[in-house]
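**Student:** Provided herewith: run_39.cif, mmCIF, C-alpha atoms.
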data_my_file
loop_
_atom_site.label_atom_id
_atom_site.label_comp_id
_atom_site.auth_asym_id
_atom_site.auth_seq_id
_atom_site.Cartn_x
_atom_site.Cartn_y
_atom_site.Cartn_z
CA MET Y 204 -51.28 172.06 -42.04
CA ALA Y 205 -47.89 170.76 -40.93
CA ASP Y 206 -47.38 167.09 -40.28
CA PRO Y 207 -47.52 166.20 -36.59
CA VAL Y 208 -44.11 165.42 -35.07
CA VAL Y 209 -43.26 162.87 -32.38
CA ALA Y 210 -39.69 162.79 -31.04
CA LEU Y 211 -38.28 159.87 -29.05
CA HIS Y 212 -35.19 160.44 -26.93
CA GLY Y 213 -32.17 158.23 -26.41
CA PHE Y 214 -31.16 156.02 -23.51
CA SER Y 215 -30.77 157.92 -20.24
CA ASP Y 216 -32.13 161.11 -21.82
CA SER Y 217 -35.62 162.52 -21.37
CA ALA Y 218 -38.25 164.29 -23.42
CA ALA Y 219 -36.80 167.62 -22.23
CA CYS Y 220 -33.57 166.86 -24.09
CA TRP Y 221 -35.42 167.45 -27.38
CA GLY Y 222 -36.65 170.91 -26.29
CA PRO Y 223 -33.74 173.13 -27.37
CA PHE Y 224 -33.32 171.36 -30.73
CA LEU Y 225 -37.02 171.42 -31.58
CA THR Y 226 -37.28 175.06 -30.51
CA ARG Y 227 -34.41 176.02 -32.83
CA LEU Y 228 -36.27 174.30 -35.68
CA GLY Y 229 -39.61 175.80 -34.69
CA LEU Y 230 -41.17 172.36 -34.45
CA PRO Y 231 -43.91 171.70 -31.93
CA ALA Y 232 -43.77 168.02 -31.11
CA ARG Y 233 -44.96 165.34 -28.75
CA THR Y 234 -41.96 164.12 -26.82
CA PRO Y 235 -42.96 161.25 -24.54
CA ASP Y 236 -40.56 160.01 -21.90
CA LEU Y 237 -39.57 156.39 -22.48
CA LEU Y 238 -40.09 153.73 -19.80
CA ALA Y 239 -37.93 154.38 -16.70
CA HIS Y 240 -36.82 157.76 -18.08
CA GLY Y 241 -37.79 161.35 -17.30
CA GLY Y 242 -38.86 160.48 -13.76
CA ARG Y 243 -41.05 157.57 -14.84
CA ARG Y 244 -40.75 154.47 -12.69
CA MET Y 245 -39.95 151.11 -14.23
CA PRO Y 246 -43.19 149.12 -13.90
CA PRO Y 247 -42.74 145.94 -11.85
CA GLY Y 248 -42.91 142.74 -13.86
CA VAL Y 249 -42.32 144.48 -17.19
CA ALA Y 250 -39.27 143.53 -19.22
CA PHE Y 251 -37.14 146.44 -20.36
CA GLY Y 252 -36.76 145.95 -24.07
CA HIS Y 253 -37.81 146.75 -27.58
CA ASP Y 254 -41.39 145.49 -27.49
CA ALA Y 255 -42.17 147.16 -24.15
CA LEU Y 256 -40.81 150.48 -25.43
CA VAL Y 257 -42.83 150.25 -28.66
CA ASP Y 258 -45.98 149.29 -26.73
CA ASP Y 259 -45.44 152.24 -24.41
CA VAL Y 260 -45.00 154.99 -27.05
CA LEU Y 261 -47.50 153.72 -29.61
CA PRO Y 262 -50.45 155.52 -27.94
CA ALA Y 263 -48.61 158.88 -28.18
CA VAL Y 264 -47.97 158.29 -31.89
CA GLU Y 265 -51.59 157.23 -32.43
CA ALA Y 266 -52.82 160.34 -30.61
CA ALA Y 267 -50.56 162.68 -32.61
CA ALA Y 268 -51.67 161.11 -35.90
CA ALA Y 269 -55.36 161.30 -34.92
CA GLU Y 270 -55.05 164.89 -33.74
CA GLY Y 271 -53.25 165.95 -36.91
CA ARG Y 272 -55.46 163.72 -39.09
CA ARG Y 273 -52.39 162.47 -40.93
CA PRO Y 274 -49.32 160.28 -40.40
CA VAL Y 275 -46.61 161.69 -38.17
CA VAL Y 276 -43.00 162.63 -38.68
CA LEU Y 277 -41.33 160.27 -36.20
CA LEU Y 278 -37.89 161.32 -34.95
CA GLY Y 279 -35.75 158.96 -32.91
CA HIS Y 280 -32.34 159.31 -31.32
CA SER Y 281 -30.37 156.20 -30.27
CA LEU Y 282 -32.74 154.04 -28.16
CA GLY Y 283 -35.53 156.28 -29.46
CA ALA Y 284 -34.40 155.46 -33.02
CA SER Y 285 -34.78 151.73 -32.50
CA THR Y 286 -38.12 152.33 -30.76
CA ALA Y 287 -39.29 154.58 -33.61
CA THR Y 288 -38.35 151.88 -36.10
CA GLY Y 289 -40.43 149.37 -34.13
CA VAL Y 290 -43.40 151.74 -34.15
CA ALA Y 291 -43.07 152.25 -37.93
CA ALA Y 292 -42.84 148.49 -38.49
CA ARG Y 293 -45.83 147.73 -36.29
CA ALA Y 294 -48.06 150.60 -37.44
CA PRO Y 295 -46.77 151.90 -40.81
CA GLN Y 296 -50.04 153.75 -41.46
CA LEU Y 297 -49.17 156.11 -38.57
CA VAL Y 298 -45.72 157.12 -39.84
CA GLY Y 299 -45.27 159.33 -42.91
CA LEU Y 300 -41.58 160.05 -42.37
CA LEU Y 301 -39.08 158.26 -40.15
CA VAL Y 302 -35.92 160.13 -39.11
CA LEU Y 303 -33.28 158.14 -37.23
CA GLU Y 304 -30.25 159.69 -35.57
CA ASP Y 305 -27.54 157.38 -34.26
CA PRO Y 306 -29.57 154.14 -34.13
CA PRO Y 307 -27.87 151.59 -31.84
CA TRP Y 308 -27.78 148.76 -34.32
CA GLN Y 309 -24.87 146.37 -34.60
CA PRO Y 310 -23.85 144.07 -37.44
CA ARG Y 311 -25.15 140.52 -37.13
CA SER Y 312 -21.64 139.22 -36.54
CA SER Y 313 -21.45 141.18 -33.30
CA ALA Y 314 -24.91 140.24 -32.02
CA ARG Y 315 -24.85 138.87 -28.48
CA SER Y 316 -27.42 137.18 -26.31
CA ASP Y 317 -29.58 139.28 -23.99
CA GLU Y 318 -27.77 137.67 -21.04
CA ALA Y 319 -24.30 138.60 -22.34
CA ALA Y 320 -25.42 142.14 -23.16
CA GLU Y 321 -26.90 142.53 -19.68
CA ARG Y 322 -23.79 141.15 -17.97
CA ASP Y 323 -21.43 143.41 -19.93
CA ASN Y 324 -23.62 146.54 -19.81
CA PRO Y 325 -21.45 149.58 -18.93
CA HIS Y 326 -24.43 151.90 -18.52
CA ARG Y 327 -25.37 151.04 -14.93
CA PRO Y 328 -22.06 152.07 -13.32
CA TRP Y 329 -21.93 155.15 -15.54
CA LEU Y 330 -25.44 156.25 -14.52
CA GLU Y 331 -24.87 155.37 -10.87
CA GLY Y 332 -21.81 157.60 -10.95
CA LEU Y 333 -23.71 160.46 -12.56
CA GLN Y 334 -26.61 160.04 -10.15
CA GLY Y 335 -24.11 160.14 -7.28
CA THR Y 336 -23.23 163.74 -8.08
CA ASP Y 337 -25.25 166.93 -8.25
CA HIS Y 338 -26.59 168.77 -11.28
CA THR Y 339 -23.48 170.96 -11.51
CA GLY Y 340 -21.25 167.89 -11.55
CA ARG Y 341 -23.30 166.17 -14.25
CA ARG Y 342 -23.32 169.31 -16.36
CA ALA Y 343 -19.55 169.71 -15.95
CA TRP Y 344 -19.08 166.08 -17.03
CA ALA Y 345 -21.01 166.77 -20.25
CA GLU Y 346 -19.26 170.08 -20.93
CA GLN Y 347 -15.85 168.45 -20.59
CA ARG Y 348 -16.63 165.48 -22.83
CA HIS Y 349 -18.82 167.29 -25.35
CA PRO Y 350 -17.44 170.82 -25.76
CA SER Y 351 -19.24 171.33 -29.08
CA TRP Y 352 -22.72 170.74 -27.66
CA PRO Y 353 -25.01 173.78 -27.62
CA ALA Y 354 -25.11 175.31 -24.13
CA ASP Y 355 -28.91 175.09 -23.94
CA GLU Y 356 -28.79 171.30 -24.22
CA LEU Y 357 -26.53 170.75 -21.19
CA ASP Y 358 -29.07 171.37 -18.40
CA PRO Y 359 -31.76 169.06 -19.81
CA TRP Y 360 -29.09 166.39 -20.37
CA ALA Y 361 -27.82 166.71 -16.80
CA ARG Y 362 -31.35 166.61 -15.35
CA SER Y 363 -32.23 163.58 -17.45
CA LYS Y 364 -29.45 161.46 -15.97
CA ALA Y 365 -30.82 162.03 -12.45
CA ALA Y 366 -34.31 161.04 -13.62
CA VAL Y 367 -33.51 157.53 -14.91
CA ASP Y 368 -34.97 154.76 -12.76
CA LEU Y 369 -32.06 152.37 -12.27
CA ALA Y 370 -34.60 149.58 -11.67
CA LEU Y 371 -34.62 149.22 -15.46
CA PHE Y 372 -31.33 147.33 -15.06
CA ASP Y 373 -32.96 144.86 -12.67
CA ALA Y 374 -35.84 144.17 -15.06
CA GLU Y 375 -35.60 141.34 -17.54
CA GLN Y 376 -33.88 142.54 -20.69
CA HIS Y 377 -35.42 141.71 -24.09
CA TRP Y 378 -33.66 143.04 -27.13
#
Can you present the structure in this file as structure tokens?
**Tutor:**
Amino acid sequence: MADPVVALHGFSDSAACWGPFLTRLGLPARTPDLLAHGGRRMPPGVAFGHDALVDDVLPAVEAAAAEGRRPVVLLGHSLGASTATGVAARAPQLVGLLVLEDPPWQPRSSARSDEAAERDNPHRPWLEGLQGTDHTGRRAWAEQRHPSWPADELDPWARSKAAVDLALFDAEQHW
């Protein structure tokens, strides 16, 4: 019996972004959409941050571990990597293997307050710009900037940008 796999996507991506990669590897996996991603609305009154993301995905990890009757292989990309690390720290009995790709950690010397990070966040104008164009325009943006990406990953990436709830930027930020 193979270990169950849970894959957590990066900021502004969606669960569908994992599809082509996991298919190439032949890995069935649970791929939950993070808060305010993949068409999910940002819940009112919830802070967008590490603890909220961990709280949100923990039930999917628990379900995968229970279904497989063993700890999961937990994959995380970028924001999903920091979330996966939080899950592993909070519930180590659920995680047999932790795989992190491009975690967004910074050295302590460059740590900033939540307020400074929120004020200087370049992601909102970037996403607003991408959401202001159509799927073809978003896909062309990715093709131009990432010519080495596999072609089958471009459409899910372009769709994911349109499916981010920009209300996450208006929520309190807790990192």
**Student:** Could you write out as a PyMOL selection string the residues that the PyMOL selection byres ((chain Y and resi 279) around 7) matches in the shown file?
**Tutor:** chain Y and resi 210-212+277-278+280-281+283-284+287+302-304
**Student:** Would you mind listing what lies within 9 Å of Pro223 of chain Y as a PyMOL selection string, with only C-alpha atoms counted and same-chain residues fewer than 6 positions away left out?
**Tutor:** chain Y and resi 353+355-356+359
**Student:** Quick one: apply the PyMOL selection byres ((chain Y and resi 290) around 12) to the file and drop the selected residues here as a count of residues only.
**Tutor:** 38
**Student:** Find the residues around Ala361 of chain Y up to 7 Å (only C-alpha atoms counted), leave out those fewer than 2 positions away in its own chain, and share them as an MDAnalysis selection string.
**Tutor:** chainID Y and resid 338 341:342 357:359 363:364
**Student:** Rounded to one decimal place, report the atom CA of Leu225 of chain Y-atom CA of Gly241 of chain Y distance in Å.
**Tutor:** 17.5 Å
**Student:** Would you work out the distance separating atom CA of Gln334 of chain Y from atom CA of Phe251 of chain Y, expressed in Å to one decimal?
**Tutor:**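 Calculated distance between atom CA of Gln334 of chain Y and atom CA of Phe251 of chain Y is 20.0 Å.
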**Student:** Restricting the calculation to all atoms listed in the file: of Y:Leu330, Y:Ala354, Y:Ala268, Y:Ala343, which residue gets closest to Asp206 of chain Y?
**Tutor:**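 Result for the nearest residue to Asp206 of chain Y: Y:Ala268.
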